Each structure stands twice: as structure tokens, then as C-alpha cells.
Amino acid sequence: MKDLVRIFKNGLLDENPTFRMVLGTCPTLAITTAASNGIGMGLAATFVLVFSNLVISLLRKMIPDEIRIPAFIVVIATFVTIVQLVIKAYLPALDESLGLFIPLIVVNCIIFARAESFAFKNPPLPSIADGLGMGLGFTWAITFISSVREIFGAGTWFGMQVMPESYVPMGILVRPAGGFIVFGLAIVLMNAVMPKKA
């Protein structure tokens, strides 16, 4: 049990995929203009991470080493398709705002990295804990970036007005350059707060 908690915490903080390993930067920079986009993308990626890790871990002894990458793609693409269809059916506004980035989860380097470096080498329970930790670590990271960009760039948070009427939004923050600025500052902040790894 202690091991599972350590593995889970690893993805949330110590090896956060966004702030510590700087993986998955494409959706991190592209869709983080609104907090709802950040949480939607993060939870979609978490679902894919958890279930693809589980299936890959269960099949790890049956998948020949030579075809592991195509096998990973098939497994990941299956869960991405499920997520995409559910979002299209029940959350059409989120589907419209995330657009192409939901199908691109198939090639998200966070998911591939966890499949290759963890799920393919470990049993199911630790693989689920790893997927959940990495997924929620990605979710909180991009939701944080999205929140900063939305609050200071538009004066809203989850679409609700949070800044006073007199506030003049920093328009640059909801533009692509703003994504780089907030992402860079968030990495600096995370590195200042977290202890350095050897």
C-alpha cells in the first residue's frame, strides 16, 4: 500500500509530467486559455492513462518486444476513441473548444512514456496508481495554467466574472505567447518550491 501511495504521489509532484518532466507541452500551451478546457483535457488524459496502463500491464507478458509500440498505439487509441465519443455525446461545448486535441491524446508523450517506462514493466495495481498519479498531476498542472491565463487574461474563471468591472484584462495571456509566459513562470515556481532531485 505504501508503494502505491509513493507511485501515485510521484506523478502528482516529484515527477509531475508538466512541470518536472516537461511532457505534453502541445496541449499545455494550446488549450489552456480557459480553466474548463484544462480540467476537461486533464481528466480525458487521466482516463486514457489509467486504462491504457492497466491493459498494457495485463498484456505485458503477451506482447512481443518487437511490436510493443504498435500494440501501445492500439490500446491507447481504443481508450481515446471512448473518451472522444463520450465528450462528443455529453459535453459538446468542451468537444468544440478542445477540437483536434482530444484525438491527439493518442500520441501524447506522457501516455507513451508511462506505457513504455512503467506499465510494460510493472503489475496492474502499481500501473493504475502510476496512471492516476500522472494523469491527475497533468490535470492540476494544466488547470493551474488555464486558471491563471483565464483570470488575468479575461477576468473570468470557469466562465464566471471574478475580477472587478474596472479590471483591464491582460489580453496577451489568452494568446499563444501568454501560454509560454505562464508555463515558464509556473515551471520556475514549481522548481523553487519542490526540492531538487539528485
# chains A, B, ... in the order shown; residues from 1 in each chain; ligands from 1
call {"tool": "residues_around", "arguments": {"residues": "A:Ser127", "least_positions_apart": "4", "cutoff": "10 Å", "atoms": "only C-alpha atoms", "output": "MDAnalysis selection string"}}
result
chainID A and resid 4 7:8 49:58 114:115 118:123 131:133
call {"tool": "write_last_selection", "arguments": {"atoms": "C-alpha atoms", "output": "PDB file, in the first residue's frame"}}
result
ATOM      1  CA  LEU A   4       1.113   2.543  -4.331  1.00  0.00           C
ATOM      2  CA  ILE A   7       3.891   5.840  -7.014  1.00  0.00           C
ATOM      3  CA  PHE A   8       0.721   7.992  -7.024  1.00  0.00           C
ATOM      4  CA  LEU A  49      -3.618   6.896 -18.825  1.00  0.00           C
ATOM      5  CA  VAL A  50      -5.275   4.759 -16.159  1.00  0.00           C
ATOM      6  CA  PHE A  51      -6.978   2.312 -18.506  1.00  0.00           C
ATOM      7  CA  SER A  52      -4.180   2.056 -21.071  1.00  0.00           C
ATOM      8  CA  ASN A  53      -1.684   1.442 -18.245  1.00  0.00           C
ATOM      9  CA  LEU A  54      -3.962  -1.268 -16.846  1.00  0.00           C
ATOM     10  CA  VAL A  55      -4.418  -3.072 -20.182  1.00  0.00           C
ATOM     11  CA  ILE A  56      -0.751  -2.789 -21.177  1.00  0.00           C
ATOM     12  CA  SER A  57       0.285  -4.107 -17.759  1.00  0.00           C
ATOM     13  CA  LEU A  58      -2.125  -7.056 -18.061  1.00  0.00           C
ATOM     14  CA  ARG A 114       4.167   5.748 -18.919  1.00  0.00           C
ATOM     15  CA  ALA A 115       3.259   2.799 -21.141  1.00  0.00           C
ATOM     16  CA  PHE A 118       6.148   1.828 -16.279  1.00  0.00           C
ATOM     17  CA  ALA A 119       3.097  -0.200 -17.364  1.00  0.00           C
ATOM     18  CA  PHE A 120       5.077  -2.539 -19.640  1.00  0.00           C
ATOM     19  CA  LYS A 121       7.403  -3.419 -16.722  1.00  0.00           C
ATOM     20  CA  ASN A 122       5.060  -3.499 -13.712  1.00  0.00           C
ATOM     21  CA  PRO A 123       1.966  -5.355 -12.455  1.00  0.00           C
ATOM     22  CA  GLY A 131      -1.579   6.327 -14.435  1.00  0.00           C
ATOM     23  CA  LEU A 132      -3.796   8.017 -11.851  1.00  0.00           C
ATOM     24  CA  GLY A 133      -0.907   9.990 -10.320  1.00  0.00           C
TER      25      GLY A 133
END
call {"tool": "residues_around", "arguments": {"residues": "A:Val80", "least_positions_apart": "4", "cutoff": "10 Å", "atoms": "only C-alpha atoms", "output": "list in words"}}
result
Ala44, Ala45, Phe47, Val48, Leu49, Ser52, Val74, Val75, Ile76, Gln84, Leu85, Val86, Ile102, Pro103, Leu104, Ile105 and Val106 of chain A
call {"tool": "write_last_selection", "arguments": {"atoms": "C-alpha atoms", "output": "JSON list (two decimals), in the first residue's frame"}}
result
[["chain", "number", "residue", "atom", "x", "y", "z"],
["A", 44, "ALA", "CA", -9.67, 12.90, -20.52],
["A", 45, "ALA", "CA", -5.92, 12.19, -20.46],
["A", 47, "PHE", "CA", -8.90, 8.26, -18.09],
["A", 48, "VAL", "CA", -6.72, 7.18, -21.04],
["A", 49, "LEU", "CA", -3.62, 6.90, -18.82],
["A", 52, "SER", "CA", -4.18, 2.06, -21.07],
["A", 74, "VAL", "CA", -3.88, 0.26, -30.50],
["A", 75, "VAL", "CA", -4.59, 0.15, -26.75],
["A", 76, "ILE", "CA", -4.26, 3.93, -26.28],
["A", 84, "GLN", "CA", -13.85, 11.30, -27.66],
["A", 85, "LEU", "CA", -17.27, 9.71, -28.22],
["A", 86, "VAL", "CA", -18.38, 10.38, -24.62],
["A", 102, "ILE", "CA", -8.72, 15.05, -27.92],
["A", 103, "PRO", "CA", -7.76, 12.66, -30.78],
["A", 104, "LEU", "CA", -4.15, 13.81, -30.37],
["A", 105, "ILE", "CA", -4.08, 12.19, -26.92],
["A", 106, "VAL", "CA", -3.20, 9.03, -28.89]]
call {"tool": "select_by_dssp", "arguments": {"residues": "stretch 49-169 of chain A", "states": "alpha helix (DSSP H)", "output": "number ranges by chain"}}
result
A: 49-59, 68-90, 92-98, 109-117, 124-154
call {"tool": "closest_residue", "arguments": {"among": "A:Thr25, A:Thr46, A:Ser166, A:Asn37", "to": "A:Gly137", "atoms": "only C-alpha atoms"}}
result
A:Thr46
call {"tool": "atom_distance", "arguments": {"atom1": "atom CA of A:Ser36", "atom2": "atom CA of A:Cys109"}}
result
22.3 Å
call {"tool": "residues_around", "arguments": {"residues": "A:Gly42", "least_positions_apart": "5", "cutoff": "12 Å", "atoms": "only C-alpha atoms", "output": "ChimeraX atom specification"}}
result
/A:17-18,24,27-28,31-32,35-37,47-49,83,98,101-102,105,108,110-111,132-146
call {"tool": "residues_around", "arguments": {"residues": "A:Pro164", "least_positions_apart": "5", "cutoff": "12 Å", "atoms": "only C-alpha atoms", "output": "PyMOL selection string"}}
result
chain A and resi 151-152+154-156+169
call {"tool": "atom_distance", "arguments": {"atom1": "atom CA of A:Met41", "atom2": "atom CA of A:Met1"}}
result
28.9 Å
call {"tool": "decode", "arguments": {"residues": "stretch 65-80 of chain A", "atoms": "N, CA and C atoms", "output": "compact mmCIF listing (two decimals), in the first residue's frame"}}
result
# COMPACT_ATOMS: atom_id res chain seq x y z
N ASP A 65 8.34 -7.89 -27.67
CA ASP A 65 9.08 -6.64 -27.57
C ASP A 65 9.14 -5.89 -28.90
N GLU A 66 9.22 -6.64 -30.01
CA GLU A 66 9.37 -6.02 -31.34
C GLU A 66 8.13 -5.24 -31.77
N ILE A 67 6.95 -5.61 -31.26
CA ILE A 67 5.73 -4.91 -31.70
C ILE A 67 5.06 -4.15 -30.55
N ARG A 68 5.82 -3.82 -29.53
CA ARG A 68 5.19 -3.17 -28.38
C ARG A 68 4.65 -1.79 -28.73
N ILE A 69 5.35 -1.01 -29.55
CA ILE A 69 4.88 0.35 -29.89
C ILE A 69 3.54 0.30 -30.64
N PRO A 70 3.42 -0.51 -31.71
CA PRO A 70 2.09 -0.61 -32.36
C PRO A 70 1.01 -1.12 -31.40
N ALA A 71 1.37 -2.04 -30.51
CA ALA A 71 0.40 -2.54 -29.53
C ALA A 71 -0.03 -1.42 -28.59
N PHE A 72 0.92 -0.61 -28.14
CA PHE A 72 0.58 0.53 -27.28
C PHE A 72 -0.38 1.47 -28.00
N ILE A 73 -0.10 1.74 -29.28
CA ILE A 73 -0.94 2.66 -30.05
C ILE A 73 -2.38 2.14 -30.14
N VAL A 74 -2.53 0.85 -30.40
CA VAL A 74 -3.88 0.26 -30.50
C VAL A 74 -4.62 0.40 -29.17
N VAL A 75 -3.96 0.07 -28.08
CA VAL A 75 -4.59 0.15 -26.75
C VAL A 75 -4.96 1.60 -26.43
N ILE A 76 -4.01 2.51 -26.60
CA ILE A 76 -4.26 3.93 -26.28
C ILE A 76 -5.35 4.50 -27.17
N ALA A 77 -5.30 4.19 -28.47
CA ALA A 77 -6.30 4.71 -29.41
C ALA A 77 -7.71 4.22 -29.05
N THR A 78 -7.83 3.01 -28.53
CA THR A 78 -9.13 2.49 -28.11
C THR A 78 -9.74 3.37 -27.02
N PHE A 79 -8.94 3.69 -26.01
CA PHE A 79 -9.47 4.50 -24.90
C PHE A 79 -9.66 5.96 -25.30
N VAL A 80 -8.83 6.47 -26.20
CA VAL A 80 -9.04 7.83 -26.70
C VAL A 80 -10.36 7.92 -27.47
